[in-house]
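Below is one structure, written out as structure tokens; comments come after it.
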Amino acid sequence: MSNRTVKVKVEYLTRVEGHGNIVVNVKEGILEKCELQIVEAPRFFEGMLQGRSIFEAQHITSRICGICSCGHTLASIQAAEEAIGFIPSKQTLELRKFLLHMENLDSHILHIYLLVAPDLLGVKSFVPLIRSHNQVVRLALKMKKACNDVCDILVGRHIHPISAIVGGFTKLPRENDLDAMLKILYDMRPGMDATVELAAGLKFPVFERDTEYVALVSDDAEYPMLLGDVGSTDGKRLSKNEYKKVTNEFIVPHSSAKHAKWNRESYAVGALSRFNLNSQKLHSKARKTANALNMKPKVINPYLNTVAQLIECVHSLEDGIKILEDFKKREINYDEEIIVGLNEQNRIKVKSGIGVGAVEVPRGTLFHCYEVDEKGMITKANCIIPTSQNVNNIERDMKKLVPEILNRSDQDITLSLEMLVRAYDPCISCSAHFLNVKNVNR
Amino acid sequence: MMKKPKVAFFDFACCEGCQLQVTNMGETLLDLLGVIDVVEFREAMSEKWKGKYDIAIIEGSITTNHAVELIKKIRERSEIIIAYGSCATIGGVNGMKNNFKLKDIRKEVYGKDYKYFDTRKTRAVHQVVKVDYFVHGCPVYIPEFFKVLKSVLAGLPYQVPDYSVCVECKFNENVCMYDREITCLGPITRAGCNSWCINNNNLCYGCRGMVSNPNEKGAKDVIKKYHIPTAMIINKMNMYNTCRELDEDKDEQ
């Protein structure tokens, strides 16, 4: 190892959601400081939820994050319904799974094309690519818009969805809506093939660090996104109600997001974790994509999270099409359309209780937990976001990576670190949501 | 404006969803980039710009001392400021924080070390610096954003509709939420969103802020006719509109 002195300070890392800094100090070859500082302004969501109706929880918590607002919506609804003892219908669950696919697809496409690809092509953003790779940029924007258009039809809009609420959907897709969504998704197939081809030609940095990979697991044949227990590649499995035994959050001084660990010093969530745990349950076309891209579990190069996302894109597109085609075969039951408001007419029965939602969102497992009184007012709320579970793991990757690349230029070291953080697709607004502090000093 | 204006996006306390609306335009985004020159956009670009901004588009609320300094600097460097999305234009959901005593909520969240963490009452951008244009909504409604942008480029003012969401809702032929026995904030909320939520069978949460001159008497009649508890409707109004009370009190802490 060289005896170099290196100082990296990336203030307000770009092309990630939210505000974070990378700080690395190497003095005469010795790594003195290696931090991913989360500097997002706190927004106190858990505090704000207290005293509000459980029927408002989805509306408020979807505002935690614009990129994964459908994910927050679904975790929030799951927790809320469990808390008040409401059991959603099969039709509702299928539509929610479909919504989650669209969320995953949309977010992954944004990340792969607009946030990661510029690094791999040696430019600062997608803007220079408009000239150099015009067709690719157009393809990316077209695919992104396609996901958005599907969400517009299904839930009114992708960012802060309107019709997905506690109890089900306020508006169910009509026959022509199903056709319109299917057409958009069929049209997306050639774009997806082209994306896979493009990805096969990209070179990702080589770096490995084995860690504990955590995601939802289940006993059925479905790639679990909406429903399941929490499992790990270290062979552990817990019910989602025991999520606190998974996350074991603790505070570190340099970060406004809490850190997490389970059976090792850190763990990872996200597409790569899901792939490592559940790849055999992917749609056959996605499994073929994985083979073509040489991805075999367990993959321990964090930069390849982006490739795992691409494999999931294929899965979400194909499984999404399948869900809609199944709906075409049987009738949608429109009697299930509900208009609830704040439940002022008591259309949904409410009891006091606690509920946990655990949903696989683009960046990993998202937990929401609410306690409600007998009137359905929230007395306590807690959200644990994928990125806050990943921050500790990212720092440990950085600590292993820096000594391995010390012989490179400062600029190169900085870029490698930025790319590493970006690979996790961090969502920093989400992570700095400030949890229920009372749990901190357990 | 003669040449392509230099445009920058900045985000304060928010979910960044309104910026994301920009990437959801599809290929229209390329047309947009044909008329403006985006020089900074941290969420999507690594480029930085040292000069003056012709247009600064601000997302998010001002909630820390650091943010106050930053937005003042941006104001100095910018010809035109557009407050973009509810968090920026009216404080948005971040305003709900102001319903709690600041010290209490900080202590609750950070424990004994709460003083290390910089936070202050949530404010909308215009409550800290002068704002030239407003794009309301949570999230923003892209057709309205285009209208505002066209006005800015043409050097004309943009008049935010000052009539209620009900006007647009009637045009869309929705059945009134009150007739479905659901309390809705449409009657007191600014239009401009094309009654987006009610079109999808949900109610209006008031995300665009209140009209300047709400029909108070009419509202009282509605509240009476449908037996709506006052506490419930105030609680609803507080979801997006808490920061409103700071409008007359700019120097507040």
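Every chain in the structure tokens has a letter given in the order shown (A, B, ...), and although residue numbers restart at 1 in each chain, ligands are simply numbered from 1 in the order shown.
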Original post:
What are the residues of chain B that have an atom within 8 Å of an atom of chain A, counting only C-alpha atoms, as an MDAnalysis selection string?
Top reply: chainID B and resid 12:18 20:21 23:27 42:47 63:64 93:94 96:97 105 108:111 119 138:139 181:183 196:197 200:203
List as an mmCIF file with N, CA and C atoms, in the first residue's frame the protein and nucleic acid residues near region 76-78 of chain B, meaning an atom at most 6 Å away when only C-alpha atoms are counted, but skip any in the same chain fewer than 4 places from it.
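Printed below is result08.cif as written:
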data_model
loop_
_atom_site.group_PDB
_atom_site.id
_atom_site.type_symbol
_atom_site.label_atom_id
_atom_site.label_comp_id
_atom_site.auth_asym_id
_atom_site.auth_seq_id
_atom_site.Cartn_x
_atom_site.Cartn_y
_atom_site.Cartn_z
ATOM 1 N N LYS B 52 -24.216 33.945 -12.751
ATOM 2 C CA LYS B 52 -25.581 34.328 -12.357
ATOM 3 C C LYS B 52 -26.590 33.348 -12.958
ATOM 4 N N TYR B 53 -27.689 33.172 -12.262
ATOM 5 C CA TYR B 53 -28.771 32.371 -12.819
ATOM 6 C C TYR B 53 -29.832 33.313 -13.366
ATOM 7 N N ASP B 54 -30.301 33.042 -14.576
ATOM 8 C CA ASP B 54 -31.439 33.811 -15.065
ATOM 9 C C ASP B 54 -32.697 33.370 -14.330
#
**OP:** Tell me, as a PyMOL selection string, which residues lie within 8 Å of region 233-244 of chain A, counting only C-alpha atoms; anything in the same chain fewer than 3 positions away does not count.
**Re:** chain A and resi 212-214+228-230+247-249+263+276-277+355-358+367
Original post:
Any idea what's packed within 10 Å of region 201-211 of chain A, counting only C-alpha atoms, ignoring anything in its chain fewer than 4 positions away? Could you give it as number ranges by chain?
Top reply: A: 117, 119-121, 196-197, 233-234, 263-268, 273, 293, 298-304, 306-307, 393, 396-397, 400-401, 404-405, 416, 419-420
**OP:** Identify, with DSSP run on backbone atoms, the residues in region 279-422 of chain A assigned to strand (DSSP E or B), and express the list as a PyMOL selection string.
**Re:** chain A and resi 353-361+364-372+377-384
**OP:** Would you please work out which residue, of A:Arg96, A:Arg422, A:Lys33, A:Arg287, is nearest to Gly20 (chain A) when using only C-alpha atoms?
**Re:** A:Arg422
Subject >> Those in region 247-375 of chain A with helix (DSSP H, G or I) from DSSP, as a PyMOL selection string >> reply: chain A and resi 247+271-281+284-292+302-329+334-336
**OP:** List the neighbours of Glu173 (chain B) out to 10 Å using only C-alpha atoms; skip same-chain residues closer than 4 positions along the sequence, and give me the result as an MDAnalysis selection string.
**Re:** chainID B and resid 168:169 199
For the residues selected in the previous step, produce a file with N, CA and C atoms as a PDB file, in the first residue's frame.
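After the write, out23.pdb holds the following:
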ATOM      1  N   GLU B 168     -63.074  23.883 -11.425  1.00  0.00           N
ATOM      2  CA  GLU B 168     -62.555  22.882 -12.364  1.00  0.00           C
ATOM      3  C   GLU B 168     -63.262  21.541 -12.190  1.00  0.00           C
ATOM      4  N   CYS B 169     -63.571  21.228 -10.944  1.00  0.00           N
ATOM      5  CA  CYS B 169     -64.204  19.951 -10.625  1.00  0.00           C
ATOM      6  C   CYS B 169     -65.573  19.846 -11.312  1.00  0.00           C
ATOM      7  N   ASN B 199     -60.918  13.861  -9.573  1.00  0.00           N
ATOM      8  CA  ASN B 199     -61.107  13.082 -10.807  1.00  0.00           C
ATOM      9  C   ASN B 199     -60.819  11.601 -10.565  1.00  0.00           C
TER      10      ASN B 199
END
**OP:** Just the residues within 9 Å of region 232-247 of chain B, please, counting only C-alpha atoms, with nothing from its chain fewer than 4 positions along; format it as an MDAnalysis selection string.
**Re:** (chainID A and resid 52 60) or (chainID B and resid 86:87 90:99 121:124 126:127 183:185 205:210 223 228 251:252)
Grab the residues selected above and save them as a tab-separated table (two decimals), in the first residue's frame with N, CA and C atoms.
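That gives us selection.tsv:
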chain	number	residue	atom	x	y	z
A	52	ARG	N	-53.05	12.20	13.89
A	52	ARG	CA	-53.78	12.25	12.62
A	52	ARG	C	-54.49	10.91	12.39
A	60	ILE	N	-49.85	11.31	3.76
A	60	ILE	CA	-48.71	12.04	4.34
A	60	ILE	C	-47.39	11.31	4.06
B	86	SER	N	-45.58	22.64	-3.50
B	86	SER	CA	-46.19	23.13	-2.26
B	86	SER	C	-45.20	23.40	-1.14
B	87	CYS	N	-44.18	22.55	-0.99
B	87	CYS	CA	-43.23	22.77	0.11
B	87	CYS	C	-42.60	24.15	-0.04
B	90	ILE	N	-46.03	27.08	-0.16
B	90	ILE	CA	-46.85	27.33	1.05
B	90	ILE	C	-46.32	26.58	2.28
B	91	GLY	N	-45.15	25.96	2.18
B	91	GLY	CA	-44.62	25.19	3.31
B	91	GLY	C	-44.99	23.72	3.24
B	92	GLY	N	-46.13	23.43	2.61
B	92	GLY	CA	-46.53	22.05	2.37
B	92	GLY	C	-46.66	21.22	3.64
B	93	VAL	N	-46.51	19.90	3.49
B	93	VAL	CA	-46.67	19.02	4.65
B	93	VAL	C	-45.63	19.32	5.73
B	94	ASN	N	-44.49	19.90	5.34
B	94	ASN	CA	-43.47	20.24	6.36
B	94	ASN	C	-44.02	21.19	7.41
B	95	GLY	N	-45.06	21.92	7.04
B	95	GLY	CA	-45.64	22.90	7.96
B	95	GLY	C	-46.26	22.25	9.19
B	96	MET	N	-46.65	20.98	9.06
B	96	MET	CA	-47.29	20.30	10.20
B	96	MET	C	-46.37	20.30	11.42
B	97	LYS	N	-45.05	20.38	11.14
B	97	LYS	CA	-44.08	20.46	12.23
B	97	LYS	C	-44.37	21.66	13.13
B	98	ASN	N	-44.87	22.75	12.52
B	98	ASN	CA	-45.10	23.98	13.28
B	98	ASN	C	-46.25	23.86	14.27
B	99	ASN	N	-47.02	22.79	14.16
B	99	ASN	CA	-48.09	22.57	15.13
B	99	ASN	C	-47.54	22.10	16.47
B	121	LYS	N	-38.63	26.80	12.60
B	121	LYS	CA	-39.99	26.66	12.07
B	121	LYS	C	-39.96	26.56	10.55
B	122	THR	N	-40.82	25.73	10.01
B	122	THR	CA	-40.90	25.60	8.56
B	122	THR	C	-41.44	26.89	7.95
B	123	ARG	N	-40.80	27.36	6.88
B	123	ARG	CA	-41.32	28.50	6.16
B	123	ARG	C	-41.32	28.25	4.65
B	124	ALA	N	-42.28	28.85	3.99
B	124	ALA	CA	-42.29	28.83	2.54
B	124	ALA	C	-41.19	29.77	2.04
B	126	HIS	N	-41.17	32.31	-0.04
B	126	HIS	CA	-41.47	33.74	-0.07
B	126	HIS	C	-41.50	34.35	1.33
B	127	GLN	N	-41.50	33.50	2.34
B	127	GLN	CA	-41.46	34.01	3.71
B	127	GLN	C	-40.03	34.32	4.15
B	183	THR	N	-65.88	14.85	3.46
B	183	THR	CA	-65.42	16.23	3.59
B	183	THR	C	-64.24	16.47	2.65
B	184	CYS	N	-64.32	17.56	1.88
B	184	CYS	CA	-63.34	17.82	0.83
B	184	CYS	C	-62.91	19.28	0.94
B	185	LEU	N	-61.64	19.58	0.69
B	185	LEU	CA	-61.17	20.96	0.82
B	185	LEU	C	-61.26	21.75	-0.49
B	205	TYR	N	-57.11	17.63	-0.67
B	205	TYR	CA	-56.44	17.81	0.61
B	205	TYR	C	-55.93	19.24	0.79
B	206	GLY	N	-56.16	20.07	-0.22
B	206	GLY	CA	-55.77	21.48	-0.08
B	206	GLY	C	-54.32	21.77	-0.35
B	207	CYS	N	-53.67	20.96	-1.20
B	207	CYS	CA	-52.22	21.07	-1.36
B	207	CYS	C	-51.78	22.33	-2.08
B	208	ARG	N	-52.68	23.02	-2.76
B	208	ARG	CA	-52.27	24.23	-3.50
B	208	ARG	C	-52.46	25.51	-2.68
B	209	GLY	N	-52.90	25.36	-1.44
B	209	GLY	CA	-53.11	26.53	-0.60
B	209	GLY	C	-54.51	27.10	-0.81
B	210	MET	N	-54.86	28.04	0.05
B	210	MET	CA	-56.24	28.54	0.02
B	210	MET	C	-56.38	29.70	-0.95
B	223	ILE	N	-70.65	23.37	6.18
B	223	ILE	CA	-70.27	22.70	7.43
B	223	ILE	C	-71.52	22.36	8.24
B	228	ILE	N	-70.36	18.77	9.82
B	228	ILE	CA	-68.93	18.47	9.85
B	228	ILE	C	-68.31	19.02	11.14
B	251	ASP	N	-40.48	38.10	10.38
B	251	ASP	CA	-39.26	38.09	11.18
B	251	ASP	C	-39.30	37.05	12.29
B	252	GLU	N	-40.34	36.27	12.28
B	252	GLU	CA	-40.50	35.27	13.34
B	252	GLU	C	-39.25	34.39	13.41
**OP:** Write out as a list in words the residues lying within 9 Å of Leu406 (chain A), counting only C-alpha atoms and excluding same-chain residues fewer than 2 positions away.
**Re:** Met1, Ser2, Asn3, Arg4, Val6, Val26, Gly29, Leu401, Val402, Pro403, Glu404, Arg408, Ser409, Asp410 and Ile413 of chain A
